[in-house]
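> Below: one structure in structure tokens.
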Amino acid sequence: MPGPDLDSILAGAAERFGTPAYIYLTDAIEARLTELRASLGAWFDVSYAMKCNPNPALLAWLAPRVDLIDVSSGGEFALARAAGWQAQRASFTGPAKRDDELRAVIAGGLGELVIESLREARAADRIAAELGVVQPVLIRLAPDRVPKGFGDHMAGRPSPFGIDIEDAPVALPQILALPNLRVIGLHIYSGTQCLRPDAIAENWRIYMQIFRETCATHDLMPQKLVFGAGLGIPYHPGDTALSLPQIAADIGPDLTAFRNEPRFSRTKLVLELGRYLVGER
């Protein structure tokens, strides 16, 4: 949006509402969504990580425009529901889920619970049994490495974010055996705030290799695989905005080959992102 138009919008908002005030330019978000669909929509659905911005009006605006939503607390699940998101379109990610939150989302028809540990899996299984349901889950895995270029990462070191890939051979069979959980796929989100297209493409290749090996080992035919996007936005002078077409040109052949493998031919691939969609660029 040209500067003078933005200045006029901000001045008008300040006059009407006073300051400080938060202003959300939905035209800019719509343009980013259009660009995402054009560059990566051949392979991915889009999930909005609402911890990035849980403003109720923004959530309501996004509901008919974004495929899925990810929440990180029971309160966020309730807020998303109040903003018009159907429960089955939501996933619940995070390593600190309380039993009362698990009970509320499972009872509320949550689409997928993202399992971060064996302890959490056992708690969810117990609560689902008490509620008389079988809860669909995704198992979150923590890779042993992440390429250079990510501002923050949850890989290559001990982390509460997911099951370390080294521990997966022991933990996954135990989760798969729990009678009140139904494992429908896997989830990886290992790095954030990356402005290097080559690093993002390499990170997604790491994901695909982990998905291949894990699904083959445990004979999984996943319904859904979540790719933590890691797409960054410029914050500092000299930062260069990401080129989605460049990312697509690099990783596209790999994604197409992955989707053509029989095990993944019917799998929904999901790109989970937050700041890239609603943050300033």
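All residue names refer to the structure tokens as shown: chains lettered A, B, ... in order, residues numbered from 1 in each chain, ligands numbered from 1 in order.
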Skipping near chain neighbours, those fewer than 5 positions away, what residues fall within 9 Å of Leu33 in chain A using only C-alpha atoms, listed as JSON, numbers by chain?

{"A": [28, 38, 46, 65, 66, 277]}

> Compile the contact shell of range 253-260 of chain A as a list of chain:residue names: residues with an atom at most 8 Å away, counting only C-alpha atoms, same-chain residues fewer than 6 positions apart removed.

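In the requested form, the answer reads A:Trp43, A:Arg205, A:Met208, A:Arg266, A:Thr267.
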
> Using only C-alpha atoms, determine which residues lie at most 10 Å from range 196-200 of chain A, disregarding the query and same-chain residues fewer than 6 positions distant; provide the list as JSON, numbers by chain.

{"A": [146, 147, 148, 149, 150, 206, 229, 230, 231, 232, 240, 241, 242, 243, 244, 245, 246, 247, 248, 249, 250, 251]}

> Could you dump the residues just selected with C-alpha atoms as a short mmCIF file (atom, residue, chain, number, x, y, z; two decimals), in the first residue's frame?


data_model
loop_
_atom_site.label_atom_id
_atom_site.label_comp_id
_atom_site.auth_asym_id
_atom_site.auth_seq_id
_atom_site.Cartn_x
_atom_site.Cartn_y
_atom_site.Cartn_z
CA VAL A 146 18.05 -27.17 11.38
CA PRO A 147 19.86 -25.26 8.62
CA LYS A 148 21.63 -22.00 9.40
CA GLY A 149 19.52 -18.93 8.84
CA PHE A 150 16.67 -19.38 11.31
CA ILE A 206 14.71 -32.50 6.28
CA ALA A 229 6.76 -22.79 7.73
CA GLY A 230 9.53 -20.78 9.34
CA LEU A 231 8.87 -17.95 6.87
CA GLY A 232 10.30 -14.73 8.26
CA THR A 240 15.34 -8.61 2.38
CA ALA A 241 11.79 -9.90 2.10
CA LEU A 242 11.39 -13.54 1.12
CA SER A 243 10.64 -14.50 -2.47
CA LEU A 244 7.95 -17.18 -2.42
CA PRO A 245 8.44 -17.98 -6.13
CA GLN A 246 12.13 -18.61 -5.39
CA ILE A 247 11.22 -21.00 -2.58
CA ALA A 248 8.69 -22.75 -4.82
CA ALA A 249 11.19 -23.13 -7.66
CA ASP A 250 13.72 -24.69 -5.28
CA ILE A 251 11.50 -27.04 -3.28
#

> From the DSSP assignment of the backbone, select every residue of range 75-206 of chain A that is strand (DSSP E), and format the answer as a ChimeraX atom specification.

/A:90-92,112-115,135-142,150-153,163-164,181-188,191-194

> For the selection just defined, write its residues with N, CA, C and O atoms to a file, as a CSV table (one decimal), in the first residue's frame.


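Everything below was put into selection_14.csv:
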chain,number,residue,atom,x,y,z
A,90,ALA,N,-9.4,-27.0,13.8
A,90,ALA,CA,-8.4,-26.6,14.7
A,90,ALA,C,-7.5,-27.7,15.2
A,90,ALA,O,-7.9,-28.9,15.4
A,91,SER,N,-6.2,-27.4,15.3
A,91,SER,CA,-5.2,-28.3,16.0
A,91,SER,C,-4.8,-27.5,17.3
A,91,SER,O,-4.9,-26.3,17.4
A,92,PHE,N,-4.2,-28.3,18.2
A,92,PHE,CA,-3.8,-27.8,19.5
A,92,PHE,C,-2.3,-28.2,19.7
A,92,PHE,O,-2.1,-29.4,19.9
A,112,GLU,N,-7.4,-32.0,15.6
A,112,GLU,CA,-6.3,-32.8,16.0
A,112,GLU,C,-5.6,-32.2,17.2
A,112,GLU,O,-5.3,-31.0,17.3
A,113,LEU,N,-5.2,-33.1,18.1
A,113,LEU,CA,-4.4,-32.8,19.2
A,113,LEU,C,-2.9,-33.1,18.8
A,113,LEU,O,-2.6,-34.2,18.3
A,114,VAL,N,-2.0,-32.1,18.9
A,114,VAL,CA,-0.6,-32.4,18.5
A,114,VAL,C,0.1,-32.8,19.8
A,114,VAL,O,0.3,-32.1,20.7
A,115,ILE,N,0.5,-34.1,19.7
A,115,ILE,CA,1.2,-34.7,20.9
A,115,ILE,C,2.7,-34.3,20.9
A,115,ILE,O,3.4,-34.5,20.0
A,135,GLN,N,-9.7,-39.7,20.1
A,135,GLN,CA,-9.2,-38.4,19.6
A,135,GLN,C,-8.2,-38.5,18.5
A,135,GLN,O,-7.1,-39.2,18.7
A,136,PRO,N,-8.4,-37.9,17.4
A,136,PRO,CA,-7.3,-37.8,16.4
A,136,PRO,C,-6.1,-37.0,16.8
A,136,PRO,O,-6.3,-36.0,17.4
A,137,VAL,N,-4.9,-37.5,16.6
A,137,VAL,CA,-3.7,-36.8,17.0
A,137,VAL,C,-2.7,-36.8,15.9
A,137,VAL,O,-2.7,-37.6,15.0
A,138,LEU,N,-1.8,-35.8,16.0
A,138,LEU,CA,-0.6,-35.7,15.2
A,138,LEU,C,0.5,-35.8,16.2
A,138,LEU,O,0.5,-35.2,17.3
A,139,ILE,N,1.6,-36.5,15.8
A,139,ILE,CA,2.7,-36.6,16.7
A,139,ILE,C,3.8,-35.6,16.2
A,139,ILE,O,4.2,-35.6,15.1
A,140,ARG,N,4.2,-34.7,17.1
A,140,ARG,CA,5.2,-33.7,16.8
A,140,ARG,C,6.6,-34.3,17.0
A,140,ARG,O,6.9,-34.8,18.1
A,141,LEU,N,7.4,-34.2,16.0
A,141,LEU,CA,8.8,-34.7,16.1
A,141,LEU,C,9.8,-33.5,16.1
A,141,LEU,O,9.5,-32.5,15.4
A,142,ALA,N,10.9,-33.6,16.8
A,142,ALA,CA,11.9,-32.6,16.9
A,142,ALA,C,13.1,-33.1,16.1
A,142,ALA,O,13.8,-34.0,16.6
A,150,PHE,N,17.9,-19.5,10.6
A,150,PHE,CA,16.7,-19.4,11.3
A,150,PHE,C,16.9,-18.6,12.6
A,150,PHE,O,17.9,-18.8,13.3
A,151,GLY,N,16.0,-17.6,12.8
A,151,GLY,CA,16.2,-16.7,14.0
A,151,GLY,C,16.1,-17.4,15.3
A,151,GLY,O,16.8,-17.1,16.3
A,152,ASP,N,15.2,-18.4,15.4
A,152,ASP,CA,15.1,-19.3,16.6
A,152,ASP,C,14.8,-20.7,16.1
A,152,ASP,O,14.2,-20.9,15.0
A,153,HIS,N,15.3,-21.6,16.8
A,153,HIS,CA,15.0,-23.0,16.4
A,153,HIS,C,14.8,-23.9,17.6
A,153,HIS,O,15.3,-23.7,18.7
A,163,ILE,N,8.8,-34.6,20.3
A,163,ILE,CA,9.5,-35.8,20.7
A,163,ILE,C,10.8,-35.8,19.9
A,163,ILE,O,10.8,-35.8,18.6
A,164,ASP,N,12.0,-35.8,20.6
A,164,ASP,CA,13.3,-35.8,19.9
A,164,ASP,C,13.3,-37.0,19.0
A,164,ASP,O,12.9,-38.1,19.3
A,181,LEU,N,-6.5,-42.9,21.3
A,181,LEU,CA,-5.9,-41.9,20.4
A,181,LEU,C,-5.8,-42.6,19.0
A,181,LEU,O,-5.4,-43.7,18.9
A,182,ARG,N,-6.0,-41.8,18.0
A,182,ARG,CA,-5.9,-42.3,16.6
A,182,ARG,C,-4.9,-41.4,15.9
A,182,ARG,O,-5.1,-40.2,15.7
A,183,VAL,N,-3.7,-41.9,15.7
A,183,VAL,CA,-2.6,-41.2,15.0
A,183,VAL,C,-2.9,-41.0,13.5
A,183,VAL,O,-2.9,-42.0,12.8
A,184,ILE,N,-3.1,-39.8,13.1
A,184,ILE,CA,-3.5,-39.5,11.7
A,184,ILE,C,-2.4,-38.9,10.9
A,184,ILE,O,-2.5,-38.6,9.7
A,185,GLY,N,-1.3,-38.5,11.6
A,185,GLY,CA,-0.2,-37.9,10.9
A,185,GLY,C,0.9,-37.4,11.9
A,185,GLY,O,1.0,-37.7,13.0
A,186,LEU,N,1.8,-36.6,11.3
A,186,LEU,CA,3.0,-36.1,12.0
A,186,LEU,C,3.1,-34.5,11.8
A,186,LEU,O,2.5,-34.0,10.9
A,187,HIS,N,3.8,-33.9,12.7
A,187,HIS,CA,4.0,-32.5,12.7
A,187,HIS,C,5.4,-32.1,13.0
A,187,HIS,O,6.0,-32.7,13.9
A,188,ILE,N,6.0,-31.2,12.3
A,188,ILE,CA,7.3,-30.7,12.6
A,188,ILE,C,7.3,-29.2,12.5
A,188,ILE,O,6.8,-28.6,11.5
A,191,GLY,N,12.0,-24.4,13.3
A,191,GLY,CA,12.7,-23.1,13.2
A,191,GLY,C,11.8,-22.0,12.7
A,191,GLY,O,10.8,-22.2,12.0
A,192,THR,N,12.1,-20.7,13.1
A,192,THR,CA,11.2,-19.6,12.8
A,192,THR,C,12.1,-18.4,12.3
A,192,THR,O,13.3,-18.4,12.4
A,193,GLN,N,11.4,-17.5,11.7
A,193,GLN,CA,12.0,-16.2,11.3
A,193,GLN,C,13.2,-16.4,10.4
A,193,GLN,O,14.3,-15.8,10.7
A,194,CYS,N,13.0,-17.1,9.3
A,194,CYS,CA,14.1,-17.3,8.3
A,194,CYS,C,13.8,-16.4,7.1
A,194,CYS,O,12.7,-16.4,6.6

> Would you list the contacts of range 76-82 of chain A as a list in words, taking every protein, DNA or RNA residue within 8 Å and counting only C-alpha atoms, but skipping same-chain residues closer than 4 positions in sequence?

Met50, Lys51, Pro54, Pro56, Leu59, Val71, Ser72, Gln86, Ala87, Ala90, Phe92 and Val105 of chain A

> Determine which residues of range 44-246 of chain A DSSP labels as helix (DSSP H, G or I) from the backbone of this structure, then write them out as number ranges by chain.

A: 50-52, 56-62, 74-82, 87-89, 99-107, 118-131, 168-176, 197-218, 244-246

> Just give me the gap between CA of Asp7 in chain A and CA of Tyr48 in chain A in Å, one decimal is fine.

28.1 Å

> When you draw a straight line from CA of Pro143 in chain A to CA of Gly41 in chain A, how long is it in Å?

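CA of Gly41 in chain A lies 25.0 Å from CA of Pro143 in chain A.
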
> Mind checking which residues fall within 9 Å of Asn53 in chain A, counting only C-alpha atoms, ignoring those fewer than 5 positions away in the same chain, and posting them as a list of chain:residue names?

A:Leu58, A:Leu59, A:Gly274, A:Arg275, A:Val278, A:Gly279

> Deliver the residues from the most recent selection as a file, using all heavy atoms, as a PDB file, in the first residue's frame.


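Once everything was written out, this is part10.pdb:
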ATOM      1  N   LEU A  58      -9.786 -10.113  13.882  1.00  0.00           N
ATOM      2  CA  LEU A  58      -8.899 -10.687  12.875  1.00  0.00           C
ATOM      3  C   LEU A  58      -9.203 -12.166  12.672  1.00  0.00           C
ATOM      4  O   LEU A  58      -9.235 -12.661  11.543  1.00  0.00           O
ATOM      5  CB  LEU A  58      -7.442 -10.492  13.292  1.00  0.00           C
ATOM      6  CG  LEU A  58      -6.383 -11.037  12.334  1.00  0.00           C
ATOM      7  CD1 LEU A  58      -6.471 -10.363  10.969  1.00  0.00           C
ATOM      8  CD2 LEU A  58      -4.985 -10.861  12.929  1.00  0.00           C
ATOM      9  N   LEU A  59      -9.435 -12.896  13.766  1.00  0.00           N
ATOM     10  CA  LEU A  59      -9.768 -14.315  13.656  1.00  0.00           C
ATOM     11  C   LEU A  59     -11.045 -14.512  12.847  1.00  0.00           C
ATOM     12  O   LEU A  59     -11.138 -15.423  12.019  1.00  0.00           O
ATOM     13  CB  LEU A  59      -9.937 -14.927  15.045  1.00  0.00           C
ATOM     14  CG  LEU A  59      -8.695 -14.996  15.937  1.00  0.00           C
ATOM     15  CD1 LEU A  59      -9.068 -15.600  17.285  1.00  0.00           C
ATOM     16  CD2 LEU A  59      -7.588 -15.801  15.287  1.00  0.00           C
ATOM     17  N   GLY A 274       2.442 -17.931  10.950  1.00  0.00           N
ATOM     18  CA  GLY A 274       1.788 -16.883  11.723  1.00  0.00           C
ATOM     19  C   GLY A 274       2.214 -15.505  11.277  1.00  0.00           C
ATOM     20  O   GLY A 274       1.526 -14.822  10.525  1.00  0.00           O
ATOM     21  N   ARG A 275       3.422 -15.071  11.714  1.00  0.00           N
ATOM     22  CA  ARG A 275       3.836 -13.699  11.454  1.00  0.00           C
ATOM     23  C   ARG A 275       3.894 -13.360   9.958  1.00  0.00           C
ATOM     24  O   ARG A 275       3.627 -12.230   9.570  1.00  0.00           O
ATOM     25  CB  ARG A 275       5.189 -13.429  12.126  1.00  0.00           C
ATOM     26  CG  ARG A 275       6.386 -13.987  11.394  1.00  0.00           C
ATOM     27  CD  ARG A 275       7.671 -13.802  12.163  1.00  0.00           C
ATOM     28  NE  ARG A 275       7.772 -14.793  13.232  1.00  0.00           N
ATOM     29  CZ  ARG A 275       8.654 -14.717  14.228  1.00  0.00           C
ATOM     30  NH1 ARG A 275       9.461 -13.697  14.298  1.00  0.00           N
ATOM     31  NH2 ARG A 275       8.702 -15.657  15.129  1.00  0.00           N
ATOM     32  N   VAL A 278       0.282 -12.226   8.952  1.00  0.00           N
ATOM     33  CA  VAL A 278      -0.384 -11.056   9.535  1.00  0.00           C
ATOM     34  C   VAL A 278       0.586  -9.984  10.038  1.00  0.00           C
ATOM     35  O   VAL A 278       0.149  -8.927  10.486  1.00  0.00           O
ATOM     36  CB  VAL A 278      -1.319 -11.466  10.693  1.00  0.00           C
ATOM     37  CG1 VAL A 278      -2.387 -12.430  10.202  1.00  0.00           C
ATOM     38  CG2 VAL A 278      -0.552 -12.077  11.855  1.00  0.00           C
ATOM     39  N   GLY A 279       1.901 -10.245   9.978  1.00  0.00           N
ATOM     40  CA  GLY A 279       2.860  -9.247  10.417  1.00  0.00           C
ATOM     41  C   GLY A 279       3.194  -8.269   9.310  1.00  0.00           C
ATOM     42  O   GLY A 279       2.989  -8.532   8.115  1.00  0.00           O
TER      43      GLY A 279
END

> Suppose you want the space between CA of Leu110 in chain A and CA of Gln88 in chain A; what is it in Å?

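So the answer is 5.2 Å.
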